[in-house]
file model.pdb (PDB, C-alpha atoms)
MODEL        1
ATOM      1  CA  MET A   1     -35.633 -39.001  -3.819
ATOM      2  CA  ILE A   2     -33.324 -37.892  -0.986
ATOM      3  CA  ALA A   3     -36.056 -38.491   1.593
ATOM      4  CA  ALA A   4     -36.673 -41.978   0.231
ATOM      5  CA  THR A   5     -32.975 -42.768   0.394
ATOM      6  CA  LEU A   6     -32.742 -41.619   4.009
ATOM      7  CA  LEU A   7     -35.774 -43.748   4.886
ATOM      8  CA  LEU A   8     -34.091 -46.814   3.433
ATOM      9  CA  LEU A   9     -30.871 -46.055   5.263
ATOM     10  CA  ALA A  10     -32.699 -45.976   8.572
ATOM     11  CA  ALA A  11     -32.731 -49.777   8.560
ATOM     12  CA  CYS A  12     -28.935 -49.709   8.757
ATOM     13  CA  ASP A  13     -26.654 -47.896  11.158
ATOM     14  CA  PRO A  14     -27.223 -44.180  10.477
ATOM     15  CA  ALA A  15     -24.300 -43.236  12.725
ATOM     16  CA  LEU A  16     -21.807 -44.609  10.207
ATOM     17  CA  VAL A  17     -23.376 -42.684   7.354
ATOM     18  CA  GLU A  18     -23.662 -39.443   9.286
ATOM     19  CA  GLY A  19     -20.111 -39.872  10.525
ATOM     20  CA  GLY A  20     -18.895 -40.238   6.957
ATOM     21  CA  ARG A  21     -20.789 -37.146   5.835
ATOM     22  CA  ARG A  22     -19.458 -35.154   8.763
ATOM     23  CA  LEU A  23     -15.869 -36.169   7.970
ATOM     24  CA  LEU A  24     -16.401 -35.261   4.334
ATOM     25  CA  ALA A  25     -17.649 -31.805   5.340
ATOM     26  CA  GLN A  26     -14.481 -31.473   7.445
ATOM     27  CA  HIS A  27     -12.348 -32.215   4.346
ATOM     28  CA  GLN A  28     -11.239 -35.625   5.575
ATOM     29  CA  PRO A  29     -12.109 -37.837   2.574
ATOM     30  CA  ASP A  30      -9.849 -40.713   3.613
ATOM     31  CA  ALA A  31     -11.545 -41.103   7.000
ATOM     32  CA  ALA A  32     -14.947 -40.513   5.390
ATOM     33  CA  ALA A  33     -14.314 -43.298   2.891
ATOM     34  CA  ARG A  34     -13.559 -45.721   5.713
ATOM     35  CA  GLN A  35     -16.855 -44.815   7.385
ATOM     36  CA  PHE A  36     -18.833 -45.253   4.174
ATOM     37  CA  GLN A  37     -17.051 -48.544   3.496
ATOM     38  CA  LEU A  38     -18.130 -49.837   6.900
ATOM     39  CA  ALA A  39     -21.678 -48.634   6.250
ATOM     40  CA  ALA A  40     -21.808 -50.272   2.811
ATOM     41  CA  ASP A  41     -20.384 -53.555   4.154
ATOM     42  CA  SER A  42     -22.849 -53.668   7.041
ATOM     43  CA  CYS A  43     -25.820 -52.771   4.861
ATOM     44  CA  PRO A  44     -25.436 -54.442   1.440
ATOM     45  CA  GLN A  45     -29.180 -54.108   0.782
ATOM     46  CA  GLN A  46     -28.639 -50.360   0.375
ATOM     47  CA  PRO A  47     -26.479 -49.971  -2.751
ATOM     48  CA  ALA A  48     -26.872 -46.169  -2.661
ATOM     49  CA  LEU A  49     -24.191 -46.195   0.040
ATOM     50  CA  LEU A  50     -21.727 -47.235  -2.657
ATOM     51  CA  LEU A  51     -22.168 -43.856  -4.324
ATOM     52  CA  GLU A  52     -21.306 -41.960  -1.150
ATOM     53  CA  LEU A  53     -18.299 -44.235  -0.765
ATOM     54  CA  ALA A  54     -17.295 -43.546  -4.370
ATOM     55  CA  GLN A  55     -17.575 -39.795  -3.902
ATOM     56  CA  ALA A  56     -15.337 -39.889  -0.823
ATOM     57  CA  LEU A  57     -12.817 -42.092  -2.641
ATOM     58  CA  THR A  58     -12.793 -39.693  -5.590
ATOM     59  CA  LEU A  59     -12.068 -36.726  -3.326
ATOM     60  CA  ASN A  60      -9.259 -38.808  -1.834
ATOM     61  CA  ARG A  61      -8.010 -39.389  -5.409
ATOM     62  CA  ASP A  62      -8.432 -43.134  -5.077
ATOM     63  CA  PHE A  63     -10.007 -43.273  -8.502
ATOM     64  CA  GLU A  64      -9.848 -47.002  -9.248
ATOM     65  CA  GLU A  65     -11.569 -47.920  -5.994
ATOM     66  CA  ALA A  66     -14.148 -45.194  -6.587
ATOM     67  CA  LEU A  67     -14.909 -46.560 -10.049
ATOM     68  CA  ARG A  68     -15.107 -50.088  -8.667
ATOM     69  CA  ALA A  69     -17.698 -49.020  -6.100
ATOM     70  CA  THR A  70     -19.685 -47.129  -8.728
ATOM     71  CA  ARG A  71     -19.682 -50.093 -11.106
ATOM     72  CA  ARG A  72     -21.061 -52.280  -8.331
ATOM     73  CA  PHE A  73     -23.932 -49.831  -7.932
ATOM     74  CA  LEU A  74     -24.542 -49.509 -11.677
ATOM     75  CA  SER A  75     -24.599 -53.279 -12.150
ATOM     76  CA  ALA A  76     -27.910 -53.215 -10.269
ATOM     77  CA  HIS A  77     -29.084 -49.794 -11.524
ATOM     78  CA  PRO A  78     -27.585 -49.286 -15.014
ATOM     79  CA  ARG A  79     -29.755 -46.254 -15.893
ATOM     80  CA  SER A  80     -29.374 -44.455 -12.574
ATOM     81  CA  GLU A  81     -28.620 -40.788 -13.202
ATOM     82  CA  ALA A  82     -26.953 -40.487  -9.794
ATOM     83  CA  GLY A  83     -24.710 -43.476 -10.475
ATOM     84  CA  LEU A  84     -23.729 -42.351 -13.970
ATOM     85  CA  LEU A  85     -23.064 -38.863 -12.648
ATOM     86  CA  VAL A  86     -20.695 -40.120  -9.947
ATOM     87  CA  MET A  87     -18.891 -42.280 -12.517
ATOM     88  CA  ALA A  88     -18.516 -39.430 -15.026
ATOM     89  CA  ASN A  89     -17.181 -37.081 -12.355
ATOM     90  CA  THR A  90     -14.638 -39.648 -11.175
ATOM     91  CA  GLN A  91     -13.512 -40.329 -14.736
ATOM     92  CA  LEU A  92     -13.123 -36.599 -15.343
ATOM     93  CA  MET A  93     -10.974 -36.150 -12.225
ATOM     94  CA  ALA A  94      -8.931 -39.208 -13.191
ATOM     95  CA  GLN A  95      -8.444 -37.664 -16.662
ATOM     96  CA  GLN A  96     -10.053 -40.697 -18.287
ATOM     97  CA  PHE A  97     -11.577 -38.409 -20.876
ATOM     98  CA  GLU A  98     -12.738 -40.963 -23.426
ATOM     99  CA  SER A  99     -14.479 -43.069 -20.772
ATOM    100  CA  CYS A 100     -15.991 -39.925 -19.252
ATOM    101  CA  GLN A 101     -17.471 -38.946 -22.617
ATOM    102  CA  LYS A 102     -19.054 -42.375 -23.042
ATOM    103  CA  THR A 103     -20.568 -42.234 -19.558
ATOM    104  CA  LEU A 104     -21.953 -38.756 -20.239
ATOM    105  CA  GLN A 105     -23.528 -39.980 -23.471
ATOM    106  CA  ARG A 106     -25.326 -42.704 -21.531
ATOM    107  CA  LEU A 107     -26.428 -40.218 -18.897
ATOM    108  CA  LEU A 108     -27.658 -37.566 -21.329
ATOM    109  CA  GLU A 109     -29.611 -40.224 -23.228
ATOM    110  CA  VAL A 110     -31.484 -40.904 -19.984
ATOM    111  CA  ASN A 111     -31.983 -37.171 -19.280
ATOM    112  CA  PRO A 112     -30.736 -34.563 -21.815
ATOM    113  CA  LYS A 113     -31.516 -31.776 -19.306
ATOM    114  CA  ASN A 114     -29.421 -33.088 -16.440
ATOM    115  CA  THR A 115     -27.571 -29.892 -15.532
ATOM    116  CA  ALA A 116     -24.967 -31.669 -13.405
ATOM    117  CA  ALA A 117     -24.085 -33.825 -16.417
ATOM    118  CA  LEU A 118     -23.902 -30.757 -18.651
ATOM    119  CA  LEU A 119     -21.518 -29.151 -16.151
ATOM    120  CA  ILE A 120     -19.189 -32.145 -16.370
ATOM    121  CA  GLN A 121     -19.550 -32.169 -20.163
ATOM    122  CA  ALA A 122     -18.509 -28.520 -20.442
ATOM    123  CA  ASN A 123     -15.548 -29.019 -18.096
ATOM    124  CA  LEU A 124     -14.477 -32.065 -20.106
ATOM    125  CA  GLN A 125     -14.598 -30.087 -23.353
ATOM    126  CA  TYR A 126     -12.581 -27.291 -21.784
ATOM    127  CA  LEU A 127      -9.893 -29.693 -20.582
ATOM    128  CA  GLN A 128      -9.736 -31.156 -24.091
ATOM    129  CA  GLY A 129      -9.164 -27.693 -25.551
ATOM    130  CA  ARG A 130     -12.627 -27.525 -27.117
ATOM    131  CA  ASP A 131     -13.290 -24.062 -25.720
ATOM    132  CA  GLN A 132     -16.170 -22.911 -27.908
ATOM    133  CA  GLU A 133     -18.015 -26.202 -27.415
ATOM    134  CA  ALA A 134     -17.595 -25.769 -23.662
ATOM    135  CA  VAL A 135     -18.976 -22.220 -23.883
ATOM    136  CA  ASP A 136     -22.000 -23.477 -25.833
ATOM    137  CA  VAL A 137     -22.756 -26.162 -23.245
ATOM    138  CA  PHE A 138     -22.396 -23.720 -20.347
ATOM    139  CA  ILE A 139     -24.852 -21.374 -22.075
ATOM    140  CA  GLN A 140     -27.253 -24.293 -22.602
ATOM    141  CA  LEU A 141     -26.920 -25.220 -18.929
ATOM    142  CA  LEU A 142     -27.586 -21.662 -17.768
ATOM    143  CA  GLN A 143     -30.689 -21.479 -19.934
ATOM    144  CA  LEU A 144     -31.973 -24.478 -17.969
ATOM    145  CA  ASP A 145     -30.684 -23.237 -14.600
ATOM    146  CA  PRO A 146     -29.933 -19.478 -14.643
ATOM    147  CA  LYS A 147     -28.920 -19.448 -10.973
ATOM    148  CA  ASN A 148     -26.287 -22.168 -11.284
ATOM    149  CA  GLU A 149     -23.345 -20.481  -9.565
ATOM    150  CA  GLU A 150     -20.708 -23.026 -10.597
ATOM    151  CA  ALA A 151     -21.638 -22.885 -14.280
ATOM    152  CA  THR A 152     -21.719 -19.072 -14.226
ATOM    153  CA  TYR A 153     -18.278 -18.969 -12.620
ATOM    154  CA  GLN A 154     -16.804 -21.522 -15.031
ATOM    155  CA  LEU A 155     -18.178 -19.659 -18.039
ATOM    156  CA  GLY A 156     -16.545 -16.490 -16.738
ATOM    157  CA  ARG A 157     -13.267 -18.356 -16.310
ATOM    158  CA  ILE A 158     -13.354 -19.651 -19.900
ATOM    159  CA  TYR A 159     -14.110 -16.191 -21.251
ATOM    160  CA  TYR A 160     -11.070 -14.949 -19.317
ATOM    161  CA  GLN A 161      -8.907 -17.720 -20.780
ATOM    162  CA  LEU A 162     -10.095 -16.699 -24.263
ATOM    163  CA  ASN A 163      -9.172 -13.052 -23.544
ATOM    164  CA  ARG A 164     -12.845 -12.108 -23.748
ATOM    165  CA  PHE A 165     -12.524  -9.983 -20.648
ATOM    166  CA  TYR A 166     -15.759  -8.003 -20.734
ATOM    167  CA  PRO A 167     -18.011 -11.087 -21.104
ATOM    168  CA  ALA A 168     -15.912 -12.681 -18.333
ATOM    169  CA  ILE A 169     -16.530  -9.686 -16.079
ATOM    170  CA  GLY A 170     -20.256  -9.918 -16.792
ATOM    171  CA  GLN A 171     -20.411 -13.567 -15.749
ATOM    172  CA  LEU A 172     -18.257 -13.059 -12.655
ATOM    173  CA  LYS A 173     -20.437 -10.163 -11.523
ATOM    174  CA  ARG A 174     -23.451 -12.457 -11.926
ATOM    175  CA  VAL A 175     -21.682 -14.905  -9.602
ATOM    176  CA  LEU A 176     -21.438 -12.154  -6.996
ATOM    177  CA  GLN A 177     -25.150 -11.437  -7.380
ATOM    178  CA  LEU A 178     -25.785 -15.104  -6.596
ATOM    179  CA  ASN A 179     -23.145 -15.265  -3.857
ATOM    180  CA  PRO A 180     -21.591 -12.000  -2.610
ATOM    181  CA  ASN A 181     -18.968 -14.000  -0.693
ATOM    182  CA  SER A 182     -17.541 -15.768  -3.730
ATOM    183  CA  TYR A 183     -13.848 -15.149  -3.198
ATOM    184  CA  LYS A 184     -13.033 -16.937  -6.451
ATOM    185  CA  ALA A 185     -15.219 -14.511  -8.397
ATOM    186  CA  HIS A 186     -13.462 -11.540  -6.780
ATOM    187  CA  ASP A 187     -10.056 -13.073  -7.488
ATOM    188  CA  ASN A 188     -10.908 -13.672 -11.136
ATOM    189  CA  LEU A 189     -12.398 -10.212 -11.520
ATOM    190  CA  GLY A 190      -9.002  -8.995 -10.347
ATOM    191  CA  LEU A 191      -7.371 -10.976 -13.153
ATOM    192  CA  CYS A 192      -9.781  -9.529 -15.726
ATOM    193  CA  TYR A 193      -9.282  -5.928 -14.660
ATOM    194  CA  GLU A 194      -5.522  -6.469 -14.491
ATOM    195  CA  ALA A 195      -5.580  -7.745 -18.081
ATOM    196  CA  LEU A 196      -7.443  -4.550 -19.045
ATOM    197  CA  SER A 197      -4.781  -2.440 -17.239
ATOM    198  CA  GLN A 198      -7.377  -1.225 -14.756
ATOM    199  CA  ASP A 199      -5.097  -1.720 -11.764
ATOM    200  CA  ALA A 200      -7.227   0.117  -9.202
ATOM    201  CA  LEU A 201     -10.213  -2.163  -9.835
ATOM    202  CA  ALA A 202      -7.965  -5.222  -9.964
ATOM    203  CA  ILE A 203      -6.427  -4.407  -6.589
ATOM    204  CA  GLN A 204      -9.878  -3.698  -5.139
ATOM    205  CA  HIS A 205     -11.131  -7.161  -6.091
ATOM    206  CA  TYR A 206      -7.926  -8.945  -5.069
ATOM    207  CA  LYS A 207      -8.155  -7.316  -1.644
ATOM    208  CA  LYS A 208     -11.799  -8.303  -1.301
ATOM    209  CA  ALA A 209     -10.791 -11.882  -2.088
ATOM    210  CA  LEU A 210      -8.045 -11.641   0.555
ATOM    211  CA  ASP A 211     -10.577 -10.475   3.139
ATOM    212  CA  LEU A 212     -12.821 -13.445   2.356
ATOM    213  CA  VAL A 213     -10.111 -16.130   2.446
ATOM    214  CA  HIS A 214      -7.916 -14.745   5.240
ATOM    215  CA  LYS A 215      -9.495 -16.775   8.053
ATOM    216  CA  ASP A 216     -12.174 -18.935   6.479
ATOM    217  CA  HIS A 217     -10.092 -20.520   3.690
ATOM    218  CA  PRO A 218      -6.553 -20.921   5.043
ATOM    219  CA  ASP A 219      -5.414 -23.201   2.206
ATOM    220  CA  TYR A 220      -6.450 -20.863  -0.616
ATOM    221  CA  GLY A 221      -3.502 -18.819  -1.808
ATOM    222  CA  TRP A 222      -4.433 -17.669  -5.315
ATOM    223  CA  PRO A 223      -5.408 -14.046  -4.555
ATOM    224  CA  TYR A 224      -2.189 -13.585  -2.572
ATOM    225  CA  ALA A 225      -0.126 -14.784  -5.533
ATOM    226  CA  ASN A 226      -2.170 -12.869  -8.102
ATOM    227  CA  LEU A 227      -1.904  -9.606  -6.192
ATOM    228  CA  ALA A 228       1.820 -10.239  -5.636
ATOM    229  CA  ASN A 229       2.233 -10.659  -9.393
ATOM    230  CA  LEU A 230       0.456  -7.362 -10.059
ATOM    231  CA  LEU A 231       2.520  -5.529  -7.448
ATOM    232  CA  LEU A 232       5.704  -6.847  -9.061
ATOM    233  CA  LYS A 233       4.573  -5.237 -12.310
ATOM    234  CA  ARG A 234       4.163  -1.986 -10.345
ATOM    235  CA  ASP A 235       7.614  -2.413  -8.751
ATOM    236  CA  GLU A 236       6.096  -2.653  -5.263
ATOM    237  CA  ASN A 237       8.511  -5.425  -4.402
ATOM    238  CA  GLU A 238       8.425  -5.471  -0.602
ATOM    239  CA  ASN A 239       4.634  -5.872  -0.505
ATOM    240  CA  ALA A 240       4.828  -8.361  -3.349
ATOM    241  CA  PHE A 241       7.237 -10.536  -1.364
ATOM    242  CA  GLN A 242       4.997 -10.536   1.713
ATOM    243  CA  LEU A 243       2.012 -11.637  -0.356
ATOM    244  CA  ALA A 244       3.958 -14.290  -2.274
ATOM    245  CA  ALA A 245       5.397 -15.682   0.959
ATOM    246  CA  GLU A 246       1.868 -15.947   2.377
ATOM    247  CA  ALA A 247       0.748 -17.704  -0.805
ATOM    248  CA  ALA A 248       3.634 -20.169  -0.436
ATOM    249  CA  GLN A 249       2.704 -20.843   3.170
ATOM    250  CA  ARG A 250      -0.884 -21.555   2.155
ATOM    251  CA  ASN A 251       0.108 -23.722  -0.796
ATOM    252  CA  PRO A 252       3.690 -24.952  -0.391
ATOM    253  CA  GLU A 253       3.376 -27.175  -3.471
ATOM    254  CA  SER A 254       2.974 -24.254  -5.879
ATOM    255  CA  ALA A 255       6.126 -23.489  -7.870
ATOM    256  CA  ARG A 256       4.624 -20.152  -8.922
ATOM    257  CA  ASN A 257       4.337 -18.940  -5.331
ATOM    258  CA  PHE A 258       8.025 -19.566  -4.662
ATOM    259  CA  TYR A 259       8.997 -18.004  -7.994
ATOM    260  CA  LEU A 260       7.094 -14.798  -7.226
ATOM    261  CA  ALA A 261       8.728 -14.550  -3.802
ATOM    262  CA  GLY A 262      12.167 -15.161  -5.316
ATOM    263  CA  LYS A 263      11.529 -12.566  -8.010
ATOM    264  CA  ALA A 264      10.597  -9.956  -5.411
ATOM    265  CA  LEU A 265      13.722 -10.722  -3.370
ATOM    266  CA  ALA A 266      15.948 -10.533  -6.440
ATOM    267  CA  ARG A 267      14.555  -7.067  -7.167
ATOM    268  CA  LEU A 268      15.156  -6.100  -3.541
ATOM    269  CA  ASP A 269      18.834  -7.004  -4.111
ATOM    270  CA  LYS A 270      18.754 -10.016  -1.815
ATOM    271  CA  PRO A 271      20.230 -12.648  -4.145
ATOM    272  CA  GLU A 272      21.252 -15.161  -1.467
ATOM    273  CA  THR A 273      17.711 -15.313  -0.071
ATOM    274  CA  ALA A 274      16.136 -15.176  -3.520
ATOM    275  CA  LEU A 275      18.232 -18.178  -4.498
ATOM    276  CA  LYS A 276      16.531 -20.422  -1.923
ATOM    277  CA  TRP A 277      13.045 -19.500  -3.091
ATOM    278  CA  LEU A 278      13.903 -19.939  -6.763
ATOM    279  CA  GLN A 279      15.637 -23.264  -6.169
ATOM    280  CA  ARG A 280      12.517 -24.502  -4.387
ATOM    281  CA  SER A 281      10.384 -23.351  -7.313
ATOM    282  CA  VAL A 282      12.505 -25.377  -9.729
ATOM    283  CA  GLU A 283      12.386 -28.401  -7.425
ATOM    284  CA  LEU A 284       8.582 -28.257  -7.404
ATOM    285  CA  ASP A 285       8.313 -27.889 -11.185
ATOM    286  CA  PRO A 286      11.509 -28.538 -13.164
ATOM    287  CA  ASN A 287       9.711 -27.589 -16.397
ATOM    288  CA  TYR A 288       8.643 -24.121 -15.207
ATOM    289  CA  THR A 289      10.704 -21.802 -17.393
ATOM    290  CA  GLU A 290      10.515 -18.417 -15.613
ATOM    291  CA  PRO A 291      12.329 -19.432 -12.396
ATOM    292  CA  ARG A 292      15.032 -21.106 -14.486
ATOM    293  CA  TYR A 293      15.792 -17.842 -16.268
ATOM    294  CA  LEU A 294      15.761 -15.777 -13.083
ATOM    295  CA  LEU A 295      17.810 -18.395 -11.263
ATOM    296  CA  GLY A 296      20.457 -18.082 -13.958
ATOM    297  CA  GLN A 297      20.546 -14.322 -13.441
ATOM    298  CA  VAL A 298      20.831 -14.664  -9.667
ATOM    299  CA  TYR A 299      23.635 -17.209  -9.977
ATOM    300  CA  GLY A 300      25.407 -14.783 -12.296
ATOM    301  CA  LYS A 301      25.055 -11.967  -9.791
ATOM    302  CA  LEU A 302      26.591 -14.207  -7.132
ATOM    303  CA  GLY A 303      29.537 -15.032  -9.399
ATOM    304  CA  ARG A 304      28.519 -18.666  -9.888
ATOM    305  CA  LYS A 305      29.171 -18.718 -13.628
ATOM    306  CA  GLU A 306      28.759 -22.453 -14.295
ATOM    307  CA  ASP A 307      25.471 -22.620 -12.391
ATOM    308  CA  ALA A 308      24.226 -19.553 -14.244
ATOM    309  CA  GLU A 309      25.096 -21.042 -17.636
ATOM    310  CA  ARG A 310      23.394 -24.333 -16.695
ATOM    311  CA  GLU A 311      20.136 -22.683 -15.720
ATOM    312  CA  LEU A 312      20.045 -20.343 -18.700
ATOM    313  CA  ARG A 313      20.775 -23.267 -21.029
ATOM    314  CA  ALA A 314      17.946 -25.240 -19.427
ATOM    315  CA  PHE A 315      15.643 -22.235 -19.866
ATOM    316  CA  GLN A 316      16.484 -21.937 -23.571
ATOM    317  CA  GLU A 317      15.994 -25.663 -24.184
ATOM    318  CA  MET A 318      12.619 -25.694 -22.439
ATOM    319  CA  GLN A 319      11.429 -22.600 -24.285
ATOM    320  CA  ALA A 320      12.291 -24.194 -27.601
ATOM    321  CA  LYS A 321      10.418 -27.422 -26.800
ATOM    322  CA  GLN A 322       7.346 -26.384 -24.858
ATOM    323  CA  PRO A 323       4.178 -24.912 -26.363
ATOM    324  CA  ARG A 324       2.596 -21.963 -24.610
ATOM    325  CA  GLN A 325       0.575 -23.328 -21.717
ATOM    326  CA  ARG A 326      -3.045 -22.485 -21.018
ATOM    327  CA  ARG A 327      -3.446 -20.118 -18.076
TER     328      ARG A 327
ENDMDL
END
call {"tool": "encode", "arguments": {"input": "model.pdb", "output": "structure tokens"}}
result
Amino acid sequence: MIAATLLLLAACDPALVEGGRRLLAQHQPDAAARQFQLAADSCPQQPALLLELAQALTLNRDFEEALRATRRFLSAHPRSEAGLLVMANTQLMAQQFESCQKTLQRLLEVNPKNTAALLIQANLQYLQGRDQEAVDVFIQLLQLDPKNEEATYQLGRIYYQLNRFYPAIGQLKRVLQLNPNSYKAHDNLGLCYEALSQDALAIQHYKKALDLVHKDHPDYGWPYANLANLLLKRDENENAFQLAAEAAQRNPESARNFYLAGKALARLDKPETALKWLQRSVELDPNYTEPRYLLGQVYGKLGRKEDAERELRAFQEMQAKQPRQRR
């Protein structure tokens, strides 16, 4: 099918299409979308270009335009698995869960064994809090495609969320058999072993994840933050701060990263510096309770009584209102 599509595209300008794909591989979805838009406009007889445009728009979080492009394609090919798959994925990312479910029903009626559709279905169920249904679909998917790395990883993640740590470890080790360089699998194995109080193994996997992301994935900060969190539990505060600061540099929009750094600094008796990190954490996520509580303590240590009372009051109010969040 791919070969046939490329043959059809040859009648148009392949440079536009290849340029769009190259930009997408370079994580530039906005520029890629412009290239695919030009290609689709210059070659309307090739509606498959609309799907590549839609995928780039989805990655750029321009969901309405992505859905518009996909609908144009599906108007001519209403039973296309590729088209329905792109639409379902966009609807999932846009959190249009009801519409996503309807699209998946259409798609699975065409092909009940479409593993990409089953992957979206399981992720949808997980996001809706239907954990056991998601587990069942992931198992069904892996029976059809035992070497599906993404499904194996996601199943391990759900087992971890359900506190089923040993099944999670089994799935994550299978990921590493499929891909020894899966830094996410190593990071999540660290979480599992940490939950089992097996710190040495947790640290070993966190450090392996750090080795894998250090140069090749400069925006990925999770193992830095996760290891920082573990080191805080072990009262290794100086190393914890260095890791949390690196996590914040990699992902400056994460309130957790700034909270962990502030927590380490507070323990190192550096309240003035800790204050800046904790204030930034609250700015990024005003509903994040832990930095509110610690911020109140730091204000108190600095003699700022009114500020301390405000933050501790906010912490108590949020704790009373908010349900426990999924990890």
call {"tool": "closest_residue", "arguments": {"input": "model.pdb", "among": "A:Gly296, A:Pro14, A:Pro291, A:Pro223", "to": "Glu246 (chain A)", "atoms": "all atoms listed in the file"}}
result
A:Pro223
call {"tool": "residues_around", "arguments": {"input": "model.pdb", "residues": "Tyr220 (chain A)", "least_positions_apart": "5", "cutoff": "12 Å", "atoms": "all atoms listed in the file", "output": "list of chain:residue names"}}
result
A:Tyr183, A:Lys184, A:Asp187, A:Ala209, A:Leu210, A:Asp211, A:Leu212, A:Val213, A:His214, A:Lys215, A:Ala225, A:Asn226, A:Glu246, A:Ala247, A:Ala248, A:Gln249, A:Arg250, A:Asn251, A:Pro252, A:Ser254, A:Asn257
call {"tool": "resolve_selection", "arguments": {"input": "model.pdb", "expression": "the PyMOL selection byres ((chain A and resi 47) around 10)", "output": "ChimeraX atom specification"}}
result
/A:9,40-41,43-46,48-52,69-70,72-74,76-77
call {"tool": "resolve_selection", "arguments": {"input": "model.pdb", "expression": "the PyMOL selection byres ((chain A and resi 165) around 10)", "output": "JSON, numbers by chain"}}
result
{"A": [156, 157, 158, 159, 160, 161, 162, 163, 164, 166, 167, 168, 169, 170, 171, 189, 191, 192, 193, 194, 195, 196]}
call {"tool": "resolve_selection", "arguments": {"input": "model.pdb", "expression": "the PyMOL selection byres ((chain A and resi 67) around 12)", "output": "ChimeraX atom specification"}}
result
/A:50-58,61-66,68-75,83-94,96,99-100,103
